[in-house]
Amino acid sequence: MSAPHRAAVDYSVVIPTVGRPCLADCLASLGGSAGPEPREIVIVDDRPQPEPLREDLPLHVLGPLRERATVVQTGGRGPAGARNIGWQLVTAPWVAFLDDDVRVGARWREALARDLGEADPTVAGVQGVLDVPLPTGRRPTDWERNTAGLARAQWATADMAYRTEALKAVGGFDERFPRAFREDADLALRVLDDGWRIRRGNRLTTHPVRPAGRWVSLRTQRGNADDALMLRLHGPAWWRRAAAPRGRIRRHAAVTAAGLTALVSAAAGRRWAAALAGAGWLLGTAEFARARIAPGPRTREEVTTMLVTSALIPPLAVYHRLAGTLRHRAATPWEAGPGGGHDGGEHVGDRIGGGTA
């Protein structure tokens, strides 16, 4: 391969992880993929334990790429902080972010090199194509359908490559987003605002639906606080710019208000007002439950879970949205210091492995 072509496709890979078993499949698929090898692979172990650096990650499945892998421990900074530490360690002009629960295609490295080689100098990022396999022989569950939405999402860091130059220009990921939610859209909007372009590539990555408990939909309501931060930072048009579904927060607010009104009216002895408000709450909750049950498998467990969570989600969503609005009421645009973090300080943890970083 000629030097100019090699420079055009020179890239590194950053994979944040909390040590989930799926990391082995991710690394094995990367190691077995055909195409140019990455200059380095940085695996960011973001488990929160303050222990000495753990060496239980399955790096051996990388095969010949093992020599290029470096592990850095970050102590639970969250996905945004973990990725920031990872990209600050790489030396290549491009960094490809992968989540630890994806499996890249058999010719992913070759397709990535082609995606990056076709990017003109105005392109800061090239997004991969995500495939979310759903079960055959039955309808998908509510959780499976939600995960399948990643295939339509813009700028998902499950497989997203950025120029390191662009990441430095905007300060990387905003670490005030503590979950793997909205931090990718926030980064992309800031990159676009900085004058760059982002395009979709052709490389294919599979994102299996990871196992989750039956109450996972209650935990995901914390993301409403991140929506409040997005609104503060990017204004009400951010939904349209990011092509993100607006969700049901307004309906949830109405249903929650009806439920609270019913309780307060009943306590005050206003039976008719309580009955009317209660009917509104019941109708709103029933409509929400039906919308979630109808497309699903309709097993006894799934239906029961949907009924219970459909009553609990509206107040939880409203609580987290209000809490986020209060917490981020004075939030200012993300600014990076000289080292590429909000405080500009050195926050790279201990490392293991024989990488070139």
# chains A, B, ... in the order shown; residues from 1 in each chain; ligands from 1
>>> select_by_dssp(residues="stretch 67-267 of chain A", states="strand (DSSP E)", output="ChimeraX atom specification")
/A:69-73,94-98,103-104,123-131,159-163,197-206
>>> residues_around(residues="stretch 143-152 of chain A", least_positions_apart="6", cutoff="8 Å", atoms="only C-alpha atoms", output="list in words")
Val129, Leu130, Asp131, Val132, Pro133, Leu134, Val209, Ala212, Val216 and Ser217 of chain A
>>> write_last_selection(atoms="N, CA, C and O atoms", output="PDB file, in the first residue's frame")
ATOM      1  N   VAL A 129     -22.972   1.703   9.493  1.00  0.00           N
ATOM      2  CA  VAL A 129     -24.345   1.212   9.356  1.00  0.00           C
ATOM      3  C   VAL A 129     -24.569   0.146  10.416  1.00  0.00           C
ATOM      4  O   VAL A 129     -23.824  -0.840  10.480  1.00  0.00           O
ATOM      5  N   LEU A 130     -25.575   0.339  11.255  1.00  0.00           N
ATOM      6  CA  LEU A 130     -25.869  -0.602  12.335  1.00  0.00           C
ATOM      7  C   LEU A 130     -27.019  -1.526  11.951  1.00  0.00           C
ATOM      8  O   LEU A 130     -28.043  -1.074  11.435  1.00  0.00           O
ATOM      9  N   ASP A 131     -26.818  -2.800  12.214  1.00  0.00           N
ATOM     10  CA  ASP A 131     -27.870  -3.801  12.029  1.00  0.00           C
ATOM     11  C   ASP A 131     -28.216  -4.367  13.391  1.00  0.00           C
ATOM     12  O   ASP A 131     -27.331  -4.842  14.117  1.00  0.00           O
ATOM     13  N   VAL A 132     -29.495  -4.279  13.772  1.00  0.00           N
ATOM     14  CA  VAL A 132     -29.945  -4.804  15.059  1.00  0.00           C
ATOM     15  C   VAL A 132     -30.839  -6.019  14.779  1.00  0.00           C
ATOM     16  O   VAL A 132     -32.012  -5.857  14.426  1.00  0.00           O
ATOM     17  N   PRO A 133     -30.315  -7.224  14.891  1.00  0.00           N
ATOM     18  CA  PRO A 133     -31.121  -8.417  14.602  1.00  0.00           C
ATOM     19  C   PRO A 133     -32.239  -8.584  15.634  1.00  0.00           C
ATOM     20  O   PRO A 133     -31.998  -8.511  16.841  1.00  0.00           O
ATOM     21  N   LEU A 134     -33.432  -8.796  15.145  1.00  0.00           N
ATOM     22  CA  LEU A 134     -34.579  -9.048  16.015  1.00  0.00           C
ATOM     23  C   LEU A 134     -34.964 -10.520  15.914  1.00  0.00           C
ATOM     24  O   LEU A 134     -34.638 -11.190  14.932  1.00  0.00           O
ATOM     25  N   VAL A 209     -29.192  -7.282  20.553  1.00  0.00           N
ATOM     26  CA  VAL A 209     -29.967  -6.778  21.691  1.00  0.00           C
ATOM     27  C   VAL A 209     -29.422  -7.444  22.946  1.00  0.00           C
ATOM     28  O   VAL A 209     -29.497  -8.661  23.099  1.00  0.00           O
ATOM     29  N   ALA A 212     -31.640  -7.737  29.247  1.00  0.00           N
ATOM     30  CA  ALA A 212     -32.047  -6.684  30.180  1.00  0.00           C
ATOM     31  C   ALA A 212     -33.188  -7.204  31.046  1.00  0.00           C
ATOM     32  O   ALA A 212     -33.992  -8.034  30.599  1.00  0.00           O
ATOM     33  N   VAL A 216     -36.275  -2.671  32.841  1.00  0.00           N
ATOM     34  CA  VAL A 216     -35.270  -1.803  32.226  1.00  0.00           C
ATOM     35  C   VAL A 216     -35.864  -0.483  31.750  1.00  0.00           C
ATOM     36  O   VAL A 216     -35.207   0.561  31.776  1.00  0.00           O
ATOM     37  N   SER A 217     -37.129  -0.487  31.343  1.00  0.00           N
ATOM     38  CA  SER A 217     -37.737   0.746  30.839  1.00  0.00           C
ATOM     39  C   SER A 217     -37.857   1.804  31.931  1.00  0.00           C
ATOM     40  O   SER A 217     -37.922   3.003  31.627  1.00  0.00           O
TER      41      SER A 217
END
>>> residues_around(residues="A:Gly78", least_positions_apart="4", cutoff="7 Å", atoms="only C-alpha atoms", output="PyMOL selection string")
chain A and resi 46+82+178-179
>>> write_last_selection(atoms="C-alpha atoms", output="PDB file, in the first residue's frame")
ATOM      1  CA  ASP A  46     -14.373   2.228  32.958  1.00  0.00           C
ATOM      2  CA  ALA A  82     -14.079   7.115  28.875  1.00  0.00           C
ATOM      3  CA  PRO A 178     -23.345  10.515  32.388  1.00  0.00           C
ATOM      4  CA  ARG A 179     -25.049   7.780  30.342  1.00  0.00           C
TER       5      ARG A 179
END
>>> residues_around(residues="stretch 254-265 of chain A", least_positions_apart="6", cutoff="10 Å", atoms="only C-alpha atoms", output="list in words")
Arg248, Arg271, Trp272, Ala273, Ala274, Ala275, Leu276, Ala277, Gly278, Ala279, Gly280, Trp281, Leu282, Leu283, Gly284, Thr285, Phe288, Ala311, Leu312, Ile313, Pro314, Pro315, Leu316, Ala317, Val318 and Tyr319 of chain A
>>> residues_around(residues="A:Asp159", least_positions_apart="4", cutoff="6 Å", atoms="only C-alpha atoms", output="CSV table (one decimal) with C-alpha atoms, in the first residue's frame")
chain,number,residue,atom,x,y,z
A,97,PHE,CA,-15.3,4.5,18.3
A,98,LEU,CA,-17.0,1.1,19.0
A,128,GLY,CA,-21.2,3.1,10.3
>>> residues_around(residues="A:Asp184", least_positions_apart="5", cutoff="7 Å", atoms="only C-alpha atoms", output="tab-separated table (two decimals) with N, CA and C atoms, in the first residue's frame")
chain	number	residue	atom	x	y	z
A	155	TRP	N	-25.49	9.38	14.10
A	155	TRP	CA	-24.25	9.65	14.83
A	155	TRP	C	-24.03	8.73	16.03
A	156	ALA	N	-24.64	7.56	16.04
A	156	ALA	CA	-24.48	6.65	17.17
A	156	ALA	C	-23.03	6.20	17.29
A	157	THR	N	-22.45	6.34	18.47
A	157	THR	CA	-21.05	5.98	18.67
A	157	THR	C	-20.86	4.49	18.83
>>> residues_around(residues="A:Arg107", least_positions_apart="4", cutoff="10 Å", atoms="only C-alpha atoms", output="CSV table (one decimal) with all heavy atoms, in the first residue's frame")
chain,number,residue,atom,x,y,z
A,29,SER,N,-14.4,-10.1,16.7
A,29,SER,CA,-14.8,-9.7,15.4
A,29,SER,C,-13.9,-8.6,14.8
A,29,SER,O,-13.6,-8.7,13.6
A,29,SER,CB,-16.2,-9.1,15.4
A,29,SER,OG,-16.3,-7.9,16.2
A,30,LEU,N,-13.3,-7.7,15.6
A,30,LEU,CA,-12.4,-6.8,15.2
A,30,LEU,C,-11.1,-7.4,14.7
A,30,LEU,O,-10.5,-7.1,13.7
A,30,LEU,CB,-12.1,-5.7,16.3
A,30,LEU,CG,-11.0,-4.7,16.0
A,30,LEU,CD1,-11.5,-3.8,14.8
A,30,LEU,CD2,-10.8,-3.8,17.2
A,32,GLY,N,-10.7,-10.5,13.7
A,32,GLY,CA,-10.9,-11.4,12.5
A,32,GLY,C,-11.3,-10.6,11.3
A,32,GLY,O,-11.4,-11.3,10.2
A,33,SER,N,-11.6,-9.3,11.4
A,33,SER,CA,-12.0,-8.6,10.2
A,33,SER,C,-10.9,-8.4,9.2
A,33,SER,O,-9.7,-8.2,9.6
A,33,SER,CB,-12.6,-7.2,10.6
A,33,SER,OG,-13.0,-6.5,9.5
A,34,ALA,N,-11.2,-8.4,7.9
A,34,ALA,CA,-10.2,-8.2,6.9
A,34,ALA,C,-10.0,-6.7,6.6
A,34,ALA,O,-11.0,-5.9,6.7
A,34,ALA,CB,-10.6,-8.9,5.6
A,35,GLY,N,-8.8,-6.3,6.3
A,35,GLY,CA,-8.6,-4.9,5.9
A,35,GLY,C,-7.4,-4.4,6.7
A,35,GLY,O,-6.8,-5.0,7.5
A,36,PRO,N,-7.0,-3.1,6.4
A,36,PRO,CA,-5.9,-2.5,7.1
A,36,PRO,C,-6.0,-2.5,8.6
A,36,PRO,O,-7.1,-2.3,9.2
A,36,PRO,CB,-5.9,-1.0,6.6
A,36,PRO,CG,-6.7,-1.1,5.3
A,36,PRO,CD,-7.7,-2.2,5.5
A,111,ALA,N,-13.8,-1.9,4.8
A,111,ALA,CA,-14.9,-0.9,4.5
A,111,ALA,C,-14.6,0.4,5.2
A,111,ALA,O,-14.9,1.5,4.7
A,111,ALA,CB,-16.2,-1.5,4.9
A,112,LEU,N,-14.1,0.3,6.5
A,112,LEU,CA,-13.8,1.5,7.2
A,112,LEU,C,-12.7,2.3,6.5
A,112,LEU,O,-12.8,3.6,6.3
A,112,LEU,CB,-13.3,1.2,8.6
A,112,LEU,CG,-12.8,2.4,9.4
A,112,LEU,CD1,-13.9,3.3,9.8
A,112,LEU,CD2,-12.1,1.9,10.7
A,203,ARG,N,-19.7,0.7,5.9
A,203,ARG,CA,-19.3,-0.4,6.7
A,203,ARG,C,-20.5,-0.9,7.6
A,203,ARG,O,-21.3,-0.1,8.0
A,203,ARG,CB,-18.1,-0.1,7.5
A,203,ARG,CG,-18.4,1.0,8.6
A,203,ARG,CD,-17.1,1.5,9.2
A,203,ARG,NE,-17.3,2.5,10.3
A,203,ARG,CZ,-17.5,3.8,10.1
A,203,ARG,NH1,-17.5,4.3,8.9
A,203,ARG,NH2,-17.7,4.6,11.1
A,204,LEU,N,-20.5,-2.2,7.8
A,204,LEU,CA,-21.6,-2.8,8.5
A,204,LEU,C,-21.2,-3.3,9.9
A,204,LEU,O,-20.2,-4.0,10.0
A,204,LEU,CB,-22.3,-3.9,7.7
A,204,LEU,CG,-23.5,-4.6,8.3
A,204,LEU,CD1,-24.6,-3.6,8.5
A,204,LEU,CD2,-23.9,-5.8,7.5
>>> atom_distance(atom1="atom CA of A:Val42", atom2="atom CA of A:Val9")
17.6 Å
>>> select_by_dssp(residues="stretch 32-254 of chain A", states="helix (DSSP H, G or I)", output="PyMOL selection string")
chain A and resi 32+59-68+79-89+108-117+142-152+164-170+183-193+216-234+238-241+249-254
>>> atom_distance(atom1="atom CA of A:Leu187", atom2="atom CA of A:Pro93")
17.8 Å
>>> closest_residue(among="A:Ala161, A:Ala119, A:Val71, A:Met306", to="A:Tyr11", atoms="only C-alpha atoms")
A:Ala161
>>> atom_distance(atom1="atom CA of A:Ala80", atom2="atom CA of A:Tyr162")
14.3 Å
